[in-house]
$ cat run_2.cif   # mmCIF, C-alpha atoms and all ligand atoms
data_final
#
loop_
_atom_site.label_atom_id
_atom_site.label_comp_id
_atom_site.auth_asym_id
_atom_site.auth_seq_id
_atom_site.Cartn_x
_atom_site.Cartn_y
_atom_site.Cartn_z
CA MET A 1 -62.24 -37.26 72.75
CA ASN A 2 -65.41 -38.43 70.97
CA ALA A 3 -65.59 -40.57 67.86
CA MET A 4 -66.04 -37.54 65.58
CA THR A 5 -62.83 -35.84 66.68
CA LYS A 6 -60.66 -38.90 67.26
CA GLU A 7 -57.40 -38.62 65.39
CA VAL A 8 -56.89 -41.19 62.63
CA THR A 9 -53.70 -43.17 63.20
CA ARG A 10 -52.42 -45.21 60.30
CA ILE A 11 -49.88 -48.01 60.37
CA ALA A 12 -48.44 -49.38 57.13
CA LEU A 13 -47.16 -52.92 57.62
CA ILE A 14 -44.70 -54.16 55.02
CA GLY A 15 -44.30 -57.93 55.08
CA SER A 16 -47.25 -60.03 56.15
CA GLY A 17 -45.44 -63.24 56.99
CA PHE A 18 -45.39 -64.96 60.38
CA VAL A 19 -44.13 -61.87 62.23
CA GLY A 20 -46.15 -59.29 60.29
CA ALA A 21 -49.45 -61.16 60.46
CA SER A 22 -49.00 -61.86 64.19
CA TYR A 23 -48.29 -58.16 64.75
CA ALA A 24 -51.43 -57.24 62.79
CA PHE A 25 -53.44 -59.62 64.99
CA ALA A 26 -51.97 -58.06 68.16
CA LEU A 27 -52.77 -54.54 66.89
CA LEU A 28 -56.34 -55.50 66.12
CA ASN A 29 -56.93 -57.09 69.52
CA GLN A 30 -55.38 -54.22 71.44
CA GLY A 31 -57.03 -51.39 69.47
CA ILE A 32 -53.76 -49.49 69.13
CA ALA A 33 -54.40 -47.69 65.81
CA SER A 34 -57.42 -46.82 63.68
CA GLU A 35 -56.04 -47.93 60.30
CA LEU A 36 -53.77 -50.75 59.17
CA VAL A 37 -52.68 -51.12 55.57
CA ILE A 38 -50.89 -54.36 54.72
CA ILE A 39 -48.34 -54.45 51.90
CA ASP A 40 -46.56 -57.60 50.79
CA LYS A 41 -44.89 -58.61 47.55
CA ASN A 42 -47.23 -61.59 47.78
CA GLY A 43 -50.40 -59.53 47.22
CA GLN A 44 -52.66 -62.55 47.74
CA LYS A 45 -51.25 -63.09 51.23
CA ALA A 46 -51.80 -59.43 52.13
CA GLU A 47 -55.37 -59.59 50.82
CA GLY A 48 -56.11 -62.84 52.61
CA ASP A 49 -54.78 -61.48 55.91
CA ALA A 50 -56.76 -58.23 55.54
CA MET A 51 -59.97 -60.20 54.90
CA ASP A 52 -59.37 -62.66 57.72
CA LEU A 53 -58.52 -59.91 60.24
CA SER A 54 -61.50 -57.78 59.16
CA HIS A 55 -63.84 -60.69 59.87
CA GLY A 56 -62.77 -60.45 63.52
CA LEU A 57 -63.85 -56.79 63.77
CA PRO A 58 -67.22 -57.54 65.39
CA PHE A 59 -65.21 -59.02 68.29
CA ALA A 60 -62.51 -56.34 68.54
CA PRO A 61 -61.89 -52.64 69.07
CA SER A 62 -62.43 -50.92 65.72
CA MET A 63 -59.68 -50.75 63.09
CA ARG A 64 -59.90 -50.42 59.31
CA VAL A 65 -57.71 -53.06 57.64
CA TRP A 66 -56.95 -53.37 53.94
CA ALA A 67 -54.33 -54.70 51.54
CA GLY A 68 -52.75 -51.72 49.86
CA ASP A 69 -49.66 -50.41 48.12
CA TYR A 70 -46.83 -47.99 48.72
CA ALA A 71 -48.94 -44.91 47.92
CA ASP A 72 -50.84 -45.67 51.16
CA CYS A 73 -47.66 -44.94 53.15
CA LYS A 74 -48.00 -41.20 52.45
CA ASP A 75 -50.49 -40.70 55.28
CA ALA A 76 -49.04 -43.33 57.59
CA ASP A 77 -47.81 -42.35 61.05
CA LEU A 78 -45.75 -45.50 61.20
CA VAL A 79 -44.24 -47.84 58.64
CA VAL A 80 -43.36 -51.18 60.22
CA ILE A 81 -41.10 -53.46 58.18
CA THR A 82 -41.18 -57.19 58.83
CA ALA A 83 -40.51 -58.20 55.21
CA GLY A 84 -37.64 -60.41 54.20
CA ALA A 85 -36.06 -63.78 54.71
CA ASN A 86 -35.96 -65.37 58.15
CA GLN A 87 -33.38 -67.66 59.76
CA ALA A 88 -33.22 -71.25 58.58
CA PRO A 89 -32.23 -73.81 61.26
CA GLY A 90 -28.54 -73.22 62.12
CA GLU A 91 -28.39 -69.84 60.33
CA THR A 92 -27.40 -66.77 62.38
CA ARG A 93 -29.20 -63.44 62.01
CA LEU A 94 -26.10 -61.93 60.40
CA ASP A 95 -26.24 -64.63 57.70
CA LEU A 96 -29.37 -62.93 56.34
CA ILE A 97 -27.60 -59.66 55.68
CA ASP A 98 -27.14 -59.61 51.88
CA LYS A 99 -30.59 -60.91 50.99
CA ASN A 100 -32.42 -58.55 53.31
CA ALA A 101 -30.30 -55.47 52.61
CA ARG A 102 -31.21 -55.73 48.91
CA ILE A 103 -34.90 -56.04 49.78
CA PHE A 104 -34.68 -53.02 52.10
CA LYS A 105 -33.10 -50.73 49.52
CA SER A 106 -36.14 -51.03 47.27
CA ILE A 107 -38.75 -51.06 50.07
CA VAL A 108 -37.43 -47.88 51.73
CA ALA A 109 -37.15 -46.13 48.34
CA ASP A 110 -40.77 -47.02 47.55
CA VAL A 111 -41.97 -45.80 50.96
CA MET A 112 -40.11 -42.49 50.64
CA LYS A 113 -41.45 -41.98 47.10
CA SER A 114 -44.94 -41.86 48.60
CA GLY A 115 -44.04 -38.71 50.58
CA PHE A 116 -43.92 -40.55 53.93
CA GLN A 117 -42.59 -38.41 56.79
CA GLY A 118 -43.48 -40.57 59.80
CA ILE A 119 -41.59 -43.09 61.88
CA PHE A 120 -40.03 -46.34 60.67
CA VAL A 121 -40.01 -49.39 62.91
CA VAL A 122 -37.82 -52.24 61.66
CA ALA A 123 -37.97 -55.86 62.84
CA THR A 124 -36.38 -57.78 59.94
CA ASN A 125 -33.03 -59.40 60.78
CA PRO A 126 -30.26 -58.57 61.20
CA VAL A 127 -32.33 -55.83 62.77
CA ASP A 128 -29.59 -53.46 63.96
CA VAL A 129 -27.90 -53.45 60.57
CA LEU A 130 -31.15 -53.05 58.63
CA THR A 131 -32.30 -50.23 60.90
CA TYR A 132 -29.06 -48.41 60.13
CA ALA A 133 -29.68 -49.05 56.42
CA THR A 134 -33.25 -47.72 56.72
CA TRP A 135 -31.96 -44.56 58.38
CA LYS A 136 -29.40 -44.04 55.59
CA TYR A 137 -31.71 -44.97 52.71
CA SER A 138 -34.62 -42.84 54.00
CA GLY A 139 -32.70 -39.69 54.90
CA LEU A 140 -35.04 -39.23 57.89
CA PRO A 141 -33.73 -38.01 61.27
CA ALA A 142 -32.40 -40.91 63.38
CA GLN A 143 -35.05 -40.34 66.06
CA GLN A 144 -37.68 -41.38 63.46
CA VAL A 145 -35.98 -44.68 62.61
CA ILE A 146 -36.25 -47.33 65.33
CA GLY A 147 -35.31 -51.00 65.34
CA SER A 148 -36.98 -53.58 67.57
CA GLY A 149 -33.43 -54.21 68.87
CA THR A 150 -33.39 -56.15 72.12
CA ILE A 151 -37.02 -55.50 73.05
CA LEU A 152 -37.79 -59.22 72.75
CA ASP A 153 -34.54 -60.34 74.38
CA SER A 154 -35.26 -58.10 77.40
CA ALA A 155 -38.79 -59.56 77.58
CA ARG A 156 -37.36 -63.09 77.48
CA LEU A 157 -34.96 -62.18 80.31
CA LYS A 158 -37.80 -60.70 82.40
CA TYR A 159 -39.92 -63.78 81.82
CA LEU A 160 -37.16 -66.21 82.87
CA LEU A 161 -36.22 -64.14 85.94
CA GLY A 162 -39.92 -63.99 86.86
CA GLU A 163 -40.03 -67.80 86.63
CA TYR A 164 -36.90 -68.08 88.77
CA PHE A 165 -38.23 -65.81 91.52
CA GLN A 166 -41.81 -67.05 91.11
CA LEU A 167 -42.90 -63.46 90.57
CA ASP A 168 -44.87 -61.62 87.90
CA SER A 169 -42.41 -60.81 85.10
CA ARG A 170 -43.84 -57.27 85.05
CA ASN A 171 -42.19 -56.75 88.45
CA VAL A 172 -38.78 -57.48 86.94
CA HIS A 173 -36.68 -54.65 85.50
CA ALA A 174 -33.94 -56.07 83.31
CA TYR A 175 -32.28 -55.19 80.03
CA VAL A 176 -30.47 -57.06 77.35
CA MET A 177 -28.29 -54.64 75.40
CA GLY A 178 -26.15 -54.83 72.26
CA GLU A 179 -26.75 -56.67 68.99
CA HIS A 180 -30.05 -58.52 68.68
CA GLY A 181 -28.00 -61.66 68.14
CA ASP A 182 -25.12 -63.72 69.37
CA THR A 183 -23.05 -60.87 70.95
CA GLU A 184 -25.86 -59.38 73.07
CA LEU A 185 -25.35 -59.04 76.84
CA PRO A 186 -27.48 -59.08 79.99
CA VAL A 187 -27.12 -55.95 82.14
CA TRP A 188 -27.09 -57.61 85.58
CA SER A 189 -25.69 -54.45 87.20
CA ASN A 190 -29.01 -52.66 86.54
CA THR A 191 -31.43 -55.54 87.17
CA SER A 192 -34.02 -55.18 89.92
CA ILE A 193 -36.96 -57.21 91.13
CA GLY A 194 -39.80 -55.26 92.72
CA GLY A 195 -37.43 -52.35 93.25
CA ARG A 196 -34.78 -54.50 94.94
CA SER A 197 -31.50 -54.88 93.09
CA LEU A 198 -30.34 -58.30 91.93
CA HIS A 199 -27.06 -57.49 93.66
CA ASP A 200 -28.93 -57.16 97.02
CA TYR A 201 -30.72 -60.46 96.51
CA ARG A 202 -27.50 -62.24 95.76
CA GLU A 203 -25.73 -60.70 98.77
CA GLN A 204 -28.51 -61.73 101.16
CA TYR A 205 -29.39 -65.20 99.84
CA GLY A 206 -26.34 -66.22 97.80
CA LYS A 207 -28.77 -66.82 94.91
CA PRO A 208 -29.15 -66.74 91.97
CA THR A 209 -25.63 -68.12 91.62
CA GLN A 210 -23.48 -67.02 88.69
CA GLU A 211 -24.09 -70.42 87.07
CA GLU A 212 -27.84 -69.90 87.36
CA LEU A 213 -27.59 -66.42 85.84
CA ASP A 214 -25.42 -67.75 83.02
CA ARG A 215 -27.96 -70.49 82.31
CA ILE A 216 -30.85 -68.00 82.30
CA PHE A 217 -29.03 -65.67 79.91
CA GLY A 218 -27.96 -68.59 77.68
CA ASN A 219 -31.63 -69.44 77.28
CA VAL A 220 -32.39 -65.81 76.36
CA ARG A 221 -29.58 -65.48 73.84
CA ASP A 222 -30.30 -68.84 72.21
CA ALA A 223 -34.11 -68.68 72.45
CA ALA A 224 -34.59 -68.09 68.73
CA TYR A 225 -32.45 -71.15 67.89
CA HIS A 226 -34.44 -73.29 70.36
CA ILE A 227 -37.79 -72.14 68.93
CA ILE A 228 -36.70 -72.39 65.28
CA GLU A 229 -35.52 -75.98 65.91
CA ARG A 230 -39.01 -76.79 67.21
CA LYS A 231 -41.37 -74.87 64.92
CA GLY A 232 -39.34 -73.20 62.19
CA ALA A 233 -39.77 -69.53 63.17
CA THR A 234 -40.44 -67.19 66.11
CA TYR A 235 -43.21 -64.65 65.83
CA TYR A 236 -45.68 -64.22 68.73
CA GLY A 237 -43.18 -62.72 71.18
CA ILE A 238 -41.74 -60.23 68.68
CA ALA A 239 -45.23 -59.36 67.42
CA MET A 240 -46.28 -58.42 70.96
CA GLY A 241 -43.05 -56.47 71.44
CA LEU A 242 -43.75 -54.55 68.22
CA ALA A 243 -47.30 -53.84 69.37
CA ARG A 244 -45.91 -52.54 72.68
CA LEU A 245 -43.45 -50.29 70.84
CA THR A 246 -46.21 -49.07 68.51
CA LYS A 247 -48.37 -48.13 71.49
CA ALA A 248 -45.49 -46.26 73.15
CA ILE A 249 -45.08 -44.22 69.95
CA LEU A 250 -48.68 -43.54 68.93
CA TRP A 251 -49.90 -42.91 72.47
CA ASN A 252 -46.92 -40.66 73.25
CA GLU A 253 -46.07 -42.71 76.33
CA ASN A 254 -42.47 -41.70 77.10
CA SER A 255 -41.88 -45.37 77.92
CA ILE A 256 -38.42 -46.81 78.32
CA LEU A 257 -37.94 -49.80 76.02
CA SER A 258 -34.79 -51.46 74.76
CA VAL A 259 -34.71 -50.72 71.05
CA SER A 260 -32.11 -50.36 68.35
CA ALA A 261 -31.14 -46.68 68.26
CA LEU A 262 -28.36 -44.69 66.63
CA LEU A 263 -25.62 -43.90 69.14
CA THR A 264 -23.95 -40.51 68.86
CA GLY A 265 -21.43 -40.69 71.70
CA GLN A 266 -23.55 -42.48 74.33
CA TYR A 267 -21.65 -45.35 75.98
CA GLY A 268 -18.54 -44.04 74.18
CA LEU A 269 -19.92 -45.28 70.83
CA ASP A 270 -21.13 -43.62 67.68
CA GLY A 271 -22.24 -44.37 64.14
CA VAL A 272 -23.94 -47.64 65.06
CA TYR A 273 -27.53 -48.76 65.63
CA ILE A 274 -27.56 -51.08 68.66
CA GLY A 275 -29.94 -52.23 71.41
CA VAL A 276 -30.08 -49.72 74.29
CA PRO A 277 -32.81 -48.53 76.64
CA ALA A 278 -34.46 -45.43 75.15
CA VAL A 279 -37.39 -43.14 75.94
CA ILE A 280 -40.04 -43.64 73.25
CA ASN A 281 -42.79 -41.19 72.42
CA ARG A 282 -44.74 -39.66 69.50
CA ALA A 283 -41.55 -38.18 68.09
CA GLY A 284 -39.85 -41.60 68.08
CA ILE A 285 -36.69 -41.88 70.15
CA ARG A 286 -36.78 -38.95 72.62
CA GLU A 287 -33.45 -39.89 74.19
CA ILE A 288 -31.16 -42.79 74.94
CA VAL A 289 -30.92 -43.83 78.58
CA GLU A 290 -27.29 -44.10 79.66
CA LEU A 291 -27.05 -46.73 82.38
CA LYS A 292 -23.98 -47.00 84.55
CA LEU A 293 -22.54 -50.28 83.29
CA SER A 294 -19.91 -52.45 84.96
CA ASP A 295 -16.51 -52.55 83.24
CA ASP A 296 -17.23 -56.05 81.92
CA GLU A 297 -20.63 -55.00 80.53
CA MET A 298 -19.10 -51.95 78.84
CA ARG A 299 -16.40 -54.12 77.27
CA LYS A 300 -19.03 -56.55 75.95
CA LEU A 301 -21.17 -53.71 74.59
CA HIS A 302 -18.18 -52.33 72.69
CA ALA A 303 -17.35 -55.79 71.33
CA SER A 304 -20.95 -56.15 70.16
CA ALA A 305 -20.84 -52.72 68.51
CA ASP A 306 -17.64 -53.73 66.68
CA VAL A 307 -19.42 -56.75 65.19
CA LEU A 308 -22.31 -54.54 64.06
CA LYS A 309 -20.05 -51.87 62.61
CA LYS A 310 -18.29 -54.49 60.51
CA ALA A 311 -21.64 -55.86 59.32
CA ILE A 312 -22.89 -52.35 58.49
CA HIS A 313 -19.72 -51.73 56.52
CA THR A 314 -20.33 -54.77 54.31
CA ILE A 315 -23.64 -53.39 53.05
CA MET A 316 -23.07 -49.62 53.14
CA LYS A 317 -19.68 -49.46 51.37
P1 LIG B 401 -41.86 -64.85 56.56
O1 LIG B 401 -41.08 -65.49 55.48
O2 LIG B 401 -42.99 -65.59 57.19
O3 LIG B 401 -42.46 -63.46 56.04
C1 LIG B 401 -41.75 -62.55 55.28
C2 LIG B 401 -42.76 -61.81 54.41
O4 LIG B 401 -42.06 -60.78 53.72
C3 LIG B 401 -43.43 -62.70 53.36
O5 LIG B 401 -44.84 -62.57 53.42
C4 LIG B 401 -42.87 -62.17 52.02
O6 LIG B 401 -43.78 -62.28 50.95
C5 LIG B 401 -42.60 -60.72 52.40
N1 LIG B 401 -41.61 -60.07 51.53
C6 LIG B 401 -40.41 -60.53 51.13
N2 LIG B 401 -39.82 -59.63 50.32
C7 LIG B 401 -40.65 -58.58 50.24
C8 LIG B 401 -40.60 -57.33 49.56
N3 LIG B 401 -39.56 -57.00 48.80
N4 LIG B 401 -41.64 -56.49 49.69
C9 LIG B 401 -42.72 -56.81 50.45
N5 LIG B 401 -42.82 -57.97 51.12
C10 LIG B 401 -41.81 -58.84 51.00
O7 LIG B 401 -40.80 -64.40 57.68
P2 LIG B 401 -41.11 -64.05 59.21
O8 LIG B 401 -40.99 -65.28 60.04
O9 LIG B 401 -42.33 -63.21 59.30
O10 LIG B 401 -39.84 -63.14 59.56
C11 LIG B 401 -39.68 -61.85 59.00
C12 LIG B 401 -38.40 -61.21 59.51
O11 LIG B 401 -38.54 -60.93 60.91
C13 LIG B 401 -37.16 -62.11 59.38
O12 LIG B 401 -36.05 -61.34 58.96
C14 LIG B 401 -36.94 -62.61 60.79
O13 LIG B 401 -35.59 -62.97 61.04
C15 LIG B 401 -37.36 -61.37 61.56
N6 LIG B 401 -37.62 -61.59 62.98
C16 LIG B 401 -37.20 -60.62 63.82
C17 LIG B 401 -37.37 -60.76 65.18
C18 LIG B 401 -36.86 -59.67 66.09
O14 LIG B 401 -36.79 -59.84 67.32
N7 LIG B 401 -36.49 -58.52 65.54
C19 LIG B 401 -38.01 -61.90 65.70
C20 LIG B 401 -38.47 -62.86 64.81
C21 LIG B 401 -38.26 -62.71 63.44
#
$ encode --input "run_2.cif" --output "structure tokens" --more "lines below"
Ligand code: NAD
Amino acid sequence: MNAMTKEVTRIALIGSGFVGASYAFALLNQGIASELVIIDKNGQKAEGDAMDLSHGLPFAPSMRVWAGDYADCKDADLVVITAGANQAPGETRLDLIDKNARIFKSIVADVMKSGFQGIFVVATNPVDVLTYATWKYSGLPAQQVIGSGTILDSARLKYLLGEYFQLDSRNVHAYVMGEHGDTELPVWSNTSIGGRSLHDYREQYGKPTQEELDRIFGNVRDAAYHIIERKGATYYGIAMGLARLTKAILWNENSILSVSALLTGQYGLDGVYIGVPAVINRAGIREIVELKLSDDEMRKLHASADVLKKAIHTIMK
């Protein structure tokens, strides 16, 4: 494809705070899309970020960046929402629900008014609940509405297992499933390192012990609390996860990533957005991957779904 025929790919980013601006920076450096329009209720912040990012263009793959408004969403392939309140120290993700649900109702209405027919990616917390709300408010097919789900939690798990085994985290296959929050679960039954199952490792070497696995997962589940205590917010990891998800969509990769997707009978659950591995391509969610879970993992996934269903009910009644 030469420059004259290259397809224009537009991302509309709504919310240029810590997460949104870091995502924009990752997009620019990785050359994932040709256009990025930044929308924020704080117009000055959106303008400042667009100027600052544009000044890096001589050092980066090309991308047009500007501060815009909802009318710019009409021609967007992707609308990525990172707008809203974030967790204060000690606050859970579910504590943000009322504030952010109100914000989402008006954002999604404004996006849809533009004539947008692309794919929504949601990262604002509580992400599973707000992805469900985006699906309902937009009226788009569920495959076009994706939450970042446990993409970051799975990355944190891979990183910590890589550290444990002293191996490149890209050689670790591991998923965190369930709520992006306190009821999420590690799927040890389907974890492998360089193609070798965790189960095999443990049988041969007696390690990692259950205590070690519990400690590793505790650090995954509570990572956001640990980072927020230290610097007030988390943003680089999720920004890179969002860039990865964006690439899988726009480049039609058919990649398997753990995202928040609507379940319609998979894992014996339906009517809930929750973190599951899914095949991602240009159409959005091509399909949900149904792993064979242990009984304990299945029980925990259902318990997590119950928490999310209750939370969804509080805002969608
Ligand atoms: P932030 O406060 O730095 O940024 C939020 C931005 O949203 C601000 O620029 C604000 O002006 C804008 N905004 C608020 N209301 C708006 C509206 N109605 N329309 C347009 N823009 C609006 O917060 P942050 O640290 O960037 O976090 C954003 C969200 O991302 C939070 O909900 C946080 O919990 C979530 N988050 C998710 C993950 C994940 O894994 N999914 C990880 C980290 C943070």
$ closest_residue --input "run_2.cif" --among "A:Arg230, A:Arg282, A:His173, A:Arg215" --to "A:Arg196" --atoms "all atoms listed in the file"
A:His173
$ residues_near_ligand --input "run_2.cif" --ligand "ligand LIG 401 (chain B)" --cutoff "6 Å" --atoms "all atoms listed in the file" --output "PyMOL selection string"
chain A and resi 14-20+40-42+82-87+103+123-125+127+148+152+233-235+238
$ residues_around --input "run_2.cif" --residues "stretch 116-122 of chain A" --least-positions-apart "3" --cutoff "6 Å" --atoms "only C-alpha atoms" --output "PyMOL selection string"
chain A and resi 73-74+77-81+112+131+144-147
$ atom_distance --input "run_2.cif" --atom1 "atom CA of A:Gln266" --atom2 "atom CA of A:Asn252"
23.5 Å
$ closest_residue --input "run_2.cif" --among "A:Gly284, A:Pro61, A:Gly195, A:Gly178" --to "A:Ile151" --atoms "all atoms listed in the file"
A:Gly178
$ closest_residue --input "run_2.cif" --among "A:Leu250, A:Ala46, A:Val276, A:Met63" --to "A:Ser304" --atoms "only C-alpha atoms"
A:Val276
$ closest_residue --input "run_2.cif" --among "A:Ala142, A:Leu242, A:Ala12, A:Ile256" --to "A:Ser114" --atoms "all atoms listed in the file"
A:Ala12
$ residues_around --input "run_2.cif" --residues "A:Tyr164" --least-positions-apart "5" --cutoff "9 Å" --atoms "only C-alpha atoms" --output "PyMOL selection string"
chain A and resi 159+208+216
$ atom_distance --input "run_2.cif" --atom1 "atom CA of A:Lys292" --atom2 "atom CA of A:Leu213"
19.8 Å
$ residues_near_point --input "run_2.cif" --point "(-29.5, -49.5, 58.2)" --cutoff "12 Å" --atoms "only C-alpha atoms" --output "MDAnalysis selection string"
chainID A and resid 97 100:105 108 120:140 142 145:147 260:262 271:274 308:309 311:317
$ decode --input "run_2.cif" --residues "stretch 163-184 of chain A" --atoms "C-alpha atoms" --output "PDB file, in the first residue's frame"
ATOM      1  CA  GLU A 163       9.951 -12.310  36.986  1.00  0.00           C
ATOM      2  CA  TYR A 164       9.402 -15.486  38.992  1.00  0.00           C
ATOM      3  CA  PHE A 165      10.688 -17.785  36.238  1.00  0.00           C
ATOM      4  CA  GLN A 166      13.323 -15.280  35.086  1.00  0.00           C
ATOM      5  CA  LEU A 167      11.843 -15.462  31.595  1.00  0.00           C
ATOM      6  CA  ASP A 168      10.560 -12.926  29.086  1.00  0.00           C
ATOM      7  CA  SER A 169       6.954 -12.156  30.070  1.00  0.00           C
ATOM      8  CA  ARG A 170       6.002 -12.553  26.393  1.00  0.00           C
ATOM      9  CA  ASN A 171       6.721 -16.278  26.802  1.00  0.00           C
ATOM     10  CA  VAL A 172       4.073 -16.517  29.515  1.00  0.00           C
ATOM     11  CA  HIS A 173       0.461 -17.309  28.608  1.00  0.00           C
ATOM     12  CA  ALA A 174      -1.814 -16.445  31.507  1.00  0.00           C
ATOM     13  CA  TYR A 175      -5.236 -14.906  31.969  1.00  0.00           C
ATOM     14  CA  VAL A 176      -6.987 -13.041  34.695  1.00  0.00           C
ATOM     15  CA  MET A 177     -10.744 -13.329  34.192  1.00  0.00           C
ATOM     16  CA  GLY A 178     -13.830 -11.797  35.790  1.00  0.00           C
ATOM     17  CA  GLU A 179     -14.442  -8.276  37.059  1.00  0.00           C
ATOM     18  CA  HIS A 180     -11.615  -5.791  36.560  1.00  0.00           C
ATOM     19  CA  GLY A 181     -11.610  -5.352  40.319  1.00  0.00           C
ATOM     20  CA  ASP A 182     -11.628  -7.109  43.634  1.00  0.00           C
ATOM     21  CA  THR A 183     -13.441 -10.325  42.536  1.00  0.00           C
ATOM     22  CA  GLU A 184     -11.204 -11.118  39.542  1.00  0.00           C
TER      23      GLU A 184
END
